[in-house]
$ cat structure22.txt   # compact mmCIF, C-alpha atoms
# COMPACT_ATOMS: atom_id res chain seq x y z
CA MET A 1 38.00 186.92 187.13
CA SER A 2 38.50 183.46 188.60
CA LEU A 3 39.47 180.55 186.35
CA ARG A 4 39.16 176.79 186.52
CA VAL A 5 42.62 175.34 185.85
CA LEU A 6 43.12 171.73 184.80
CA VAL A 7 46.55 170.64 186.08
CA ALA A 8 47.50 167.58 184.02
CA PRO A 9 51.27 166.89 184.02
CA ASP A 10 53.25 163.71 183.49
CA SER A 11 55.95 162.68 185.93
CA PHE A 12 59.40 164.25 185.83
CA LYS A 13 61.14 160.92 185.33
CA GLY A 14 63.89 160.19 187.82
CA SER A 15 62.71 163.00 190.06
CA LEU A 16 58.97 163.50 190.71
CA THR A 17 55.81 161.47 190.20
CA SER A 18 52.97 163.00 188.24
CA VAL A 19 51.04 163.35 191.50
CA GLU A 20 53.92 165.31 193.04
CA VAL A 21 54.24 167.50 189.96
CA ALA A 22 50.49 168.22 189.89
CA ASP A 23 50.53 169.12 193.59
CA ALA A 24 53.52 171.45 193.12
CA MET A 25 51.92 173.17 190.15
CA ALA A 26 48.64 173.59 192.01
CA ARG A 27 50.38 175.08 195.06
CA GLY A 28 52.41 177.51 192.96
CA TRP A 29 49.41 178.63 190.92
CA THR A 30 47.30 179.13 194.03
CA ARG A 31 49.95 181.35 195.65
CA ALA A 32 49.47 183.83 192.82
CA ARG A 33 45.75 183.29 192.14
CA PRO A 34 44.06 181.94 195.28
CA ASP A 35 40.54 182.38 193.90
CA ASP A 36 41.04 180.04 190.94
CA ALA A 37 39.60 176.52 191.11
CA ILE A 38 42.20 173.79 190.57
CA ASP A 39 41.41 170.36 189.13
CA ARG A 40 44.43 168.08 189.70
CA CYS A 41 44.63 165.43 187.00
CA PRO A 42 48.01 163.64 187.13
CA MET A 43 48.79 161.94 183.81
CA ALA A 44 50.96 159.16 182.41
CA ASP A 45 51.73 157.70 179.00
CA GLY A 46 51.85 154.08 180.09
CA GLY A 47 55.18 154.32 181.88
CA ALA A 48 56.11 154.94 185.50
CA GLY A 49 53.27 156.58 187.40
CA LEU A 50 50.44 154.93 185.46
CA LEU A 51 48.88 153.30 188.53
CA ASP A 52 49.15 156.44 190.66
CA ALA A 53 47.60 158.61 187.95
CA ILE A 54 44.60 156.31 187.64
CA LEU A 55 44.16 156.02 191.40
CA ALA A 56 44.29 159.80 191.81
CA ALA A 57 41.46 160.19 189.30
CA ASP A 58 39.32 157.23 190.34
CA PRO A 59 39.81 155.73 193.81
CA SER A 60 37.27 153.01 193.03
CA TRP A 61 40.15 151.02 191.54
CA GLN A 62 41.53 148.58 194.11
CA PRO A 63 45.33 148.41 194.47
CA LEU A 64 46.44 144.83 195.08
CA PRO A 65 49.88 143.42 195.95
CA ALA A 66 51.76 140.86 193.89
CA ALA A 67 54.86 138.89 194.79
CA SER A 68 57.23 139.90 192.03
CA ARG A 69 60.87 140.40 191.02
CA ASP A 70 62.84 143.49 190.07
CA PRO A 71 64.79 143.63 186.76
CA LEU A 72 67.71 141.74 188.33
CA GLY A 73 65.55 139.03 189.85
CA ARG A 74 65.44 140.27 193.43
CA PRO A 75 62.14 139.70 195.28
CA ILE A 76 59.91 142.77 195.54
CA ARG A 77 56.34 143.60 196.47
CA GLY A 78 54.70 144.57 193.20
CA ARG A 79 51.18 145.86 192.68
CA PHE A 80 48.41 146.27 190.14
CA LEU A 81 44.92 147.78 190.03
CA ARG A 82 41.67 145.85 189.76
CA SER A 83 38.05 146.79 189.23
CA GLY A 84 35.88 143.73 188.72
CA GLU A 85 37.30 141.79 185.76
CA ARG A 86 39.40 144.78 184.68
CA ALA A 87 43.01 145.31 185.75
CA VAL A 88 45.87 147.71 185.09
CA VAL A 89 49.47 146.50 185.22
CA GLU A 90 52.44 148.88 185.02
CA LEU A 91 55.60 147.30 183.62
CA ALA A 92 57.72 149.96 185.29
CA ASP A 93 56.41 148.94 188.72
CA ALA A 94 58.42 145.69 188.65
CA SER A 95 60.74 146.05 185.66
CA GLY A 96 61.34 149.80 185.62
CA LEU A 97 64.69 151.54 185.41
CA TRP A 98 63.93 153.28 188.70
CA ARG A 99 64.13 149.89 190.44
CA VAL A 100 67.88 149.60 189.76
CA PRO A 101 70.45 152.12 191.05
CA ALA A 102 72.80 153.34 188.36
CA SER A 103 75.69 151.45 189.95
CA ASP A 104 73.80 148.12 189.70
CA ARG A 105 72.44 148.37 186.16
CA ASP A 106 73.12 145.33 183.99
CA PRO A 107 71.38 145.79 180.63
CA GLY A 108 72.32 142.31 179.44
CA ALA A 109 70.79 140.55 182.46
CA ALA A 110 67.77 142.76 183.16
CA SER A 111 64.52 140.88 182.72
CA THR A 112 60.76 141.49 182.47
CA PHE A 113 60.06 138.33 184.49
CA GLY A 114 58.67 140.38 187.40
CA THR A 115 56.12 142.07 185.15
CA GLY A 116 55.04 138.63 183.97
CA LEU A 117 54.54 137.55 187.59
CA THR A 118 52.36 140.61 188.24
CA LEU A 119 50.37 139.99 185.07
CA ALA A 120 49.88 136.34 186.07
CA ALA A 121 48.72 137.41 189.54
CA ALA A 122 46.08 139.69 188.02
CA ILE A 123 44.86 136.89 185.77
CA ASP A 124 44.78 134.41 188.66
CA LEU A 125 42.52 136.82 190.58
CA GLY A 126 40.02 136.92 187.74
CA ALA A 127 41.15 139.84 185.54
CA ARG A 128 40.00 139.27 181.98
CA GLU A 129 40.51 142.74 180.49
CA ILE A 130 43.99 144.04 181.26
CA LEU A 131 45.70 147.30 180.36
CA LEU A 132 49.48 146.84 180.39
CA GLY A 133 51.54 150.05 180.35
CA VAL A 134 55.01 149.32 179.02
CA GLY A 135 57.07 152.53 179.39
CA GLY A 136 60.12 153.13 181.56
CA SER A 137 61.71 149.68 181.47
CA ALA A 138 65.22 148.71 182.54
CA THR A 139 65.14 145.76 180.16
CA THR A 140 66.13 144.72 176.66
CA ASP A 141 65.03 141.07 176.78
CA GLY A 142 62.40 141.12 174.04
CA GLY A 143 59.75 140.32 176.63
CA ALA A 144 61.18 136.83 177.09
CA GLY A 145 61.09 137.20 180.88
CA LEU A 146 57.43 138.20 180.85
CA LEU A 147 56.54 135.27 178.59
CA SER A 148 58.51 132.91 180.84
CA ALA A 149 56.35 133.95 183.81
CA LEU A 150 53.29 133.05 181.74
CA GLY A 151 54.63 129.56 181.01
CA ALA A 152 56.82 129.90 177.88
CA ARG A 153 60.25 128.27 177.82
CA PHE A 154 63.35 129.58 176.05
CA LEU A 155 65.79 126.75 175.45
CA ASP A 156 69.45 126.44 174.43
CA ALA A 157 71.05 123.71 172.30
CA ALA A 158 71.10 121.29 175.26
CA GLY A 159 67.41 121.87 176.00
CA ARG A 160 68.13 123.92 179.10
CA GLU A 161 66.23 127.08 179.93
CA LEU A 162 68.21 130.24 179.33
CA PRO A 163 69.06 132.55 182.22
CA PRO A 164 67.12 135.81 182.32
CA GLY A 165 68.03 138.89 180.31
CA GLY A 166 68.60 139.98 176.76
CA ALA A 167 72.21 138.88 176.31
CA PRO A 168 71.51 135.13 176.81
CA LEU A 169 69.05 135.22 173.90
CA SER A 170 72.07 134.86 171.61
CA ARG A 171 72.13 131.17 172.69
CA LEU A 172 68.43 130.60 172.04
CA VAL A 173 67.63 127.55 169.90
CA ARG A 174 63.94 126.87 170.53
CA VAL A 175 60.88 128.56 171.99
CA ASP A 176 58.37 126.23 173.65
CA LEU A 177 54.93 127.78 174.12
CA SER A 178 53.17 124.57 175.15
CA GLY A 179 53.23 125.64 178.79
CA LEU A 180 51.43 128.96 178.26
CA ALA A 181 48.43 129.21 180.57
CA PRO A 182 45.23 128.19 178.73
CA VAL A 183 43.37 130.96 180.57
CA LEU A 184 45.07 133.48 178.26
CA ALA A 185 42.41 132.54 175.72
CA ASP A 186 39.89 134.33 177.95
CA VAL A 187 42.02 137.46 178.44
CA ARG A 188 41.79 140.67 176.42
CA LEU A 189 45.18 142.39 176.66
CA ILE A 190 45.59 146.04 175.71
CA VAL A 191 49.17 147.31 175.62
CA ALA A 192 49.54 151.04 176.27
CA SER A 193 52.61 152.30 174.42
CA ASP A 194 53.55 155.46 172.57
CA VAL A 195 56.77 154.04 171.15
CA THR A 196 56.80 153.41 167.40
CA ASN A 197 60.37 152.05 167.20
CA PRO A 198 60.85 148.60 165.65
CA LEU A 199 62.66 145.83 167.50
CA LEU A 200 65.85 145.98 165.43
CA GLY A 201 68.11 148.40 163.61
CA PRO A 202 69.35 151.94 164.23
CA HIS A 203 65.94 152.96 165.53
CA GLY A 204 65.42 149.73 167.46
CA ALA A 205 65.20 148.77 171.11
CA ALA A 206 68.93 148.30 171.76
CA ALA A 207 70.28 151.19 169.69
CA VAL A 208 67.86 153.87 170.87
CA TYR A 209 67.01 152.88 174.41
CA GLY A 210 69.90 150.66 175.47
CA PRO A 211 72.22 153.55 176.44
CA GLN A 212 69.49 154.99 178.70
CA LYS A 213 69.50 151.66 180.55
CA GLY A 214 73.23 151.59 181.12
CA ALA A 215 74.38 149.84 177.93
CA SER A 216 77.82 150.73 176.60
CA PRO A 217 78.42 150.78 172.83
CA SER A 218 79.67 147.19 173.00
CA ASP A 219 76.63 146.20 175.10
CA VAL A 220 74.34 147.75 172.48
CA GLY A 221 76.00 145.66 169.78
CA GLU A 222 75.66 142.49 171.86
CA LEU A 223 72.00 143.17 172.64
CA GLU A 224 71.20 144.03 169.01
CA ALA A 225 72.72 140.73 167.85
CA ALA A 226 70.86 138.80 170.56
CA LEU A 227 67.53 140.40 169.67
CA CYS A 228 68.11 139.75 165.97
CA HIS A 229 68.72 136.07 166.74
CA TYR A 230 65.70 136.03 169.08
CA ALA A 231 63.46 137.41 166.34
CA GLU A 232 64.64 134.75 163.89
CA VAL A 233 64.03 131.93 166.38
CA LEU A 234 60.58 133.34 167.14
CA ARG A 235 59.85 133.38 163.41
CA THR A 236 60.81 129.74 162.97
CA SER A 237 59.30 128.53 166.28
CA VAL A 238 56.08 130.55 166.32
CA GLY A 239 55.62 131.50 162.70
CA ARG A 240 55.54 135.25 163.29
CA ASP A 241 58.06 137.86 162.14
CA VAL A 242 57.91 140.61 164.77
CA SER A 243 61.21 142.30 163.97
CA GLU A 244 59.88 145.18 161.86
CA ALA A 245 56.45 145.73 163.38
CA ALA A 246 55.95 149.36 164.36
CA GLY A 247 56.25 149.67 168.13
CA SER A 248 57.76 146.21 168.59
CA GLY A 249 60.83 147.79 170.20
CA ALA A 250 58.84 149.24 173.11
CA ALA A 251 60.13 148.36 176.59
CA GLY A 252 63.24 146.68 175.25
CA GLY A 253 61.25 144.60 172.78
CA THR A 254 58.55 143.50 175.21
CA VAL A 255 55.89 144.33 172.63
CA ALA A 256 57.70 142.08 170.13
CA GLY A 257 57.46 139.16 172.53
CA LEU A 258 53.77 139.81 173.15
CA LEU A 259 53.08 140.13 169.42
CA ALA A 260 54.58 136.66 169.00
CA ILE A 261 51.83 135.18 171.20
CA ALA A 262 49.05 137.60 170.27
CA ASP A 263 46.85 134.77 168.98
CA ARG A 264 46.89 133.10 172.41
CA PHE A 265 44.76 135.93 173.86
CA ALA A 266 41.04 136.44 173.36
CA ALA A 267 42.03 139.84 171.96
CA PHE A 268 45.27 141.75 171.73
CA GLU A 269 45.83 145.41 170.84
CA VAL A 270 48.55 148.01 171.08
CA ARG A 271 47.11 151.47 171.68
CA PRO A 272 48.57 154.96 172.32
CA GLY A 273 49.28 155.20 176.03
CA VAL A 274 48.27 158.83 176.52
CA GLY A 275 44.88 158.15 174.96
CA GLU A 276 44.23 155.16 177.21
CA VAL A 277 45.10 157.14 180.33
CA MET A 278 42.94 160.06 179.21
CA ALA A 279 39.97 157.74 178.91
CA LEU A 280 40.53 156.27 182.36
CA VAL A 281 40.89 159.66 184.10
CA ARG A 282 37.90 161.20 182.24
CA PHE A 283 40.14 163.82 180.69
CA ALA A 284 37.66 164.97 178.03
CA ASP A 285 34.98 165.87 180.58
CA ARG A 286 37.47 167.66 182.81
CA LEU A 287 38.93 169.54 179.85
CA ALA A 288 35.48 170.73 178.80
CA ALA A 289 34.90 172.15 182.30
CA CYS A 290 38.17 174.11 182.55
CA SER A 291 39.31 177.56 181.46
CA LEU A 292 43.03 176.79 181.04
CA VAL A 293 45.29 173.74 181.01
CA LEU A 294 48.63 173.41 182.81
CA THR A 295 50.75 170.41 181.89
CA GLY A 296 54.41 169.41 181.83
CA GLU A 297 57.08 166.72 181.82
CA GLY A 298 60.70 166.31 182.78
CA ARG A 299 62.16 166.99 179.33
CA VAL A 300 60.41 168.89 176.58
CA ASP A 301 62.61 167.87 173.67
CA ALA A 302 62.65 166.41 170.18
CA GLN A 303 60.81 163.30 171.42
CA THR A 304 57.92 165.32 172.82
CA ALA A 305 55.96 165.28 169.56
CA PHE A 306 56.11 161.47 169.35
CA GLY A 307 53.33 160.55 171.73
CA LYS A 308 54.59 162.10 174.96
CA THR A 309 52.07 163.28 177.51
CA ALA A 310 52.58 167.04 177.33
CA HIS A 311 52.15 167.05 173.57
CA GLY A 312 49.01 164.92 173.81
CA VAL A 313 47.51 167.22 176.43
CA ALA A 314 48.40 170.33 174.40
CA ARG A 315 46.80 168.83 171.30
CA ARG A 316 43.57 168.03 173.13
CA ALA A 317 43.56 171.51 174.66
CA ARG A 318 43.83 173.16 171.26
CA GLU A 319 41.05 170.97 169.88
CA ALA A 320 38.84 172.08 172.79
CA GLY A 321 39.78 175.74 172.37
CA ARG A 322 41.52 175.94 175.75
CA PRO A 323 44.84 177.77 176.27
CA CYS A 324 47.66 175.52 177.44
CA ILE A 325 50.91 176.12 179.34
CA VAL A 326 53.64 173.47 179.35
CA ILE A 327 56.26 173.47 182.13
CA GLY A 328 59.34 171.37 181.45
CA GLY A 329 62.05 170.33 183.85
CA SER A 330 64.24 171.27 180.91
CA VAL A 331 63.23 172.65 177.52
CA GLU A 332 64.97 172.20 174.19
CA PRO A 333 64.09 174.22 171.07
CA GLU A 334 62.66 171.22 169.21
CA GLY A 335 60.29 170.45 172.06
CA ALA A 336 59.23 174.05 172.43
CA ASP A 337 58.56 174.21 168.68
CA ALA A 338 56.48 171.02 168.76
CA CYS A 339 54.24 172.34 171.52
CA GLY A 340 54.26 175.86 170.07
CA ALA A 341 52.80 174.44 166.87
CA LEU A 342 49.80 173.52 169.03
CA ASP A 343 49.56 177.08 170.36
CA ALA A 344 50.91 176.01 173.77
CA ILE A 345 53.29 178.21 175.74
CA VAL A 346 56.39 176.32 176.93
CA VAL A 347 58.46 177.45 179.92
CA PRO A 348 61.33 175.76 181.79
CA ALA A 349 61.25 175.11 185.52
CA THR A 350 65.07 175.17 185.59
CA GLU A 351 66.38 178.13 187.57
CA ASP A 352 70.14 177.73 187.18
CA HIS A 353 72.69 175.89 185.06
CA ARG A 354 74.09 173.40 187.56
CA GLY A 355 72.91 170.38 185.59
CA LEU A 356 70.51 167.47 185.91
CA GLU A 357 71.59 166.23 189.34
CA ALA A 358 71.11 169.67 190.87
CA ALA A 359 67.70 170.01 189.23
CA ILE A 360 66.62 166.64 190.63
CA ALA A 361 67.96 167.56 194.07
CA ALA A 362 65.87 170.76 194.02
CA GLY A 363 62.71 168.65 194.03
CA ALA A 364 59.28 170.12 193.36
CA ALA A 365 59.97 173.71 194.46
CA PRO A 366 61.13 175.04 191.05
CA VAL A 367 58.07 173.50 189.39
CA GLY A 368 55.81 175.30 191.85
CA ARG A 369 57.61 178.58 191.31
CA ALA A 370 57.31 178.22 187.52
CA ALA A 371 53.56 177.69 187.89
CA GLU A 372 53.37 180.74 190.14
CA ARG A 373 55.15 182.86 187.52
CA MET A 374 52.72 181.71 184.85
CA ALA A 375 49.76 182.53 187.08
CA ARG A 376 51.10 186.05 187.64
CA LEU A 377 51.46 186.51 183.89
CA VAL A 378 47.84 185.46 183.43
CA SER A 379 46.82 188.07 186.01
CA LEU A 380 48.95 190.66 184.22
CA GLY A 381 47.19 189.83 180.97
CA GLU A 382 43.82 190.34 182.61
CA ARG A 383 44.88 193.74 183.90
CA LEU A 384 46.26 194.78 180.52
CA ALA A 385 43.00 193.80 178.83
CA VAL A 386 41.13 196.48 180.79
CA ALA A 387 43.94 199.00 181.15
CA PRO A 388 43.50 202.55 179.79
CA GLY A 389 44.83 202.78 176.28
CA CYS A 390 44.24 199.12 175.55
CA VAL A 391 43.28 198.59 171.89
CA PRO A 392 40.12 196.44 171.67

$ encode --input "structure22.txt" --output "structure tokens"
Amino acid sequence: MSLRVLVAPDSFKGSLTSVEVADAMARGWTRARPDDAIDRCPMADGGAGLLDAILAADPSWQPLPAASRDPLGRPIRGRFLRSGERAVVELADASGLWRVPASDRDPGAASTFGTGLTLAAAIDLGAREILLGVGGSATTDGGAGLLSALGARFLDAAGRELPPGGAPLSRLVRVDLSGLAPVLADVRLIVASDVTNPLLGPHGAAAVYGPQKGASPSDVGELEAALCHYAEVLRTSVGRDVSEAAGSGAAGGTVAGLLAIADRFAAFEVRPGVGEVMALVRFADRLAACSLVLTGEGRVDAQTAFGKTAHGVARRAREAGRPCIVIGGSVEPEGADACGALDAIVVPATEDHRGLEAAIAAGAAPVGRAAERMARLVSLGERLAVAPGCVP
């Protein structure tokens, strides 16, 4: 019996894009079951790969270039998607951790200024409804860089603009929003984020995500103090306390900075990233047409249940009554349990114990082989169902 398989993985961060993962899964599955129909549906949760996932599902979106800056201020060619007055901007495209080699990472100086330039370019070209995906950042600047690109000024005691990055925010005295572009009042901004962490504290932007961006324990302390001061100055300058808002710690506090100017937009919302991507790629219709779902992500771990793509896909699959298989670059018991609670089967793509660098170096091949093994098990199940002695 031939099946229709919906292949809907996230990227394996630091290794493979969601498009590459979907292609590898499809190839592996087809080796074992060549008569099955494959629907490739690369996914994202608002982080790296958002633009590629949308383009793969709907090529009517127009990719456009934008002169931008990487997290350390170096000129780059950024991009965004446009369809009429709608646009999609991916923070990770300009301000993502992938932009900075490990040897160059400077968590105190990394800035979201480049994302602000890309956002401004989209607005200048007529975008009035913008989806901004904020995952995968290299930054912990509270979104100050992004706001600077939109016309805000962050000033020290002498009235000078602060240099970019999170660490200089410790010297912030005043925030001047008088230069914000008036056109923002015509823009509806939707932020796609699955992070619920607040800006500050043990679950905040610096403490939880700083080490992933190269911050040492002393760096984390410096960034936490700078963000705490930043939040207080925002409160006195703008009249908004963003420090404890759920999700304000996303992308190194970028959501906190945007919340501070939320009333400058025609509309402003923070929505779950996986849900926004699912709507854009017509996931519900494609799920209804499939027999089985194959998804995955780089790490299936304790964080998987908190809005990550594989968990979101597995949940939708169960709601639709479709079996789901999750392939992880690595799998930890907590992640397997979270997906197992949704009746999904979780399997690792890892084939040896040489560590993360070896797994990344292996590329897409292990992912394809894991998909092939799962396809063979499905075929085995079909044969067992009609085998002599099978109990109905």

$ closest_residue --input "structure22.txt" --among "A:Leu292, A:Leu50, A:Leu377, A:Leu55" --to "Ala317 (chain A)" --atoms "all atoms listed in the file"
A:Leu292

$ residues_around --input "structure22.txt" --residues "region 330-343 of chain A" --least-positions-apart "6" --cutoff "12 Å" --atoms "all atoms listed in the file" --output "PyMOL selection string"
chain A and resi 12-13+293+295-324+349-353+355-356+359-360+366-367+370

$ atom_distance --input "structure22.txt" --atom1 "CA of Asp52 (chain A)" --atom2 "CA of Pro71 (chain A)"
20.6 Å

$ closest_residue --input "structure22.txt" --among "A:Arg82, A:Arg373, A:Arg4, A:Arg264" --to "Leu177 (chain A)" --atoms "all atoms listed in the file"
A:Arg264

$ residues_around --input "structure22.txt" --residues "Arg128 (chain A)" --least-positions-apart "5" --cutoff "12 Å" --atoms "all atoms listed in the file" --output "ChimeraX atom specification"
/A:82-88,119-123,183-190,265-268

$ closest_residue --input "structure22.txt" --among "A:Cys290, A:Ile38, A:Val378, A:Leu227" --to "Ala256 (chain A)" --atoms "all atoms listed in the file"
A:Leu227

$ closest_residue --input "structure22.txt" --among "A:Pro388, A:Asp10, A:Leu64, A:Asp104" --to "Arg40 (chain A)" --atoms "all atoms listed in the file"
A:Asp10

$ closest_residue --input "structure22.txt" --among "A:Ala284, A:Val195, A:Cys228, A:Ala279" --to "Gly249 (chain A)" --atoms "only C-alpha atoms"
A:Val195

$ residues_around --input "structure22.txt" --residues "Ala48 (chain A)" --least-positions-apart "6" --cutoff "7 Å" --atoms "all atoms listed in the file" --output "list in words"
Ala92, Asp93, Gly135 and Gly136 of chain A

$ closest_residue --input "structure22.txt" --among "A:Asp36, A:Glu244, A:Asp219, A:Glu20" --to "His203 (chain A)" --atoms "all atoms listed in the file"
A:Glu244

$ atom_distance --input "structure22.txt" --atom1 "CA of Gly214 (chain A)" --atom2 "CA of Gly114 (chain A)"
19.4 Å

$ residues_around --input "structure22.txt" --residues "Thr236 (chain A)" --least-positions-apart "5" --cutoff "9 Å" --atoms "only C-alpha atoms" --output "ChimeraX atom specification"
/A:174,231,241

$ atom_distance --input "structure22.txt" --atom1 "CA of Gly179 (chain A)" --atom2 "CA of Ile261 (chain A)"
12.3 Å
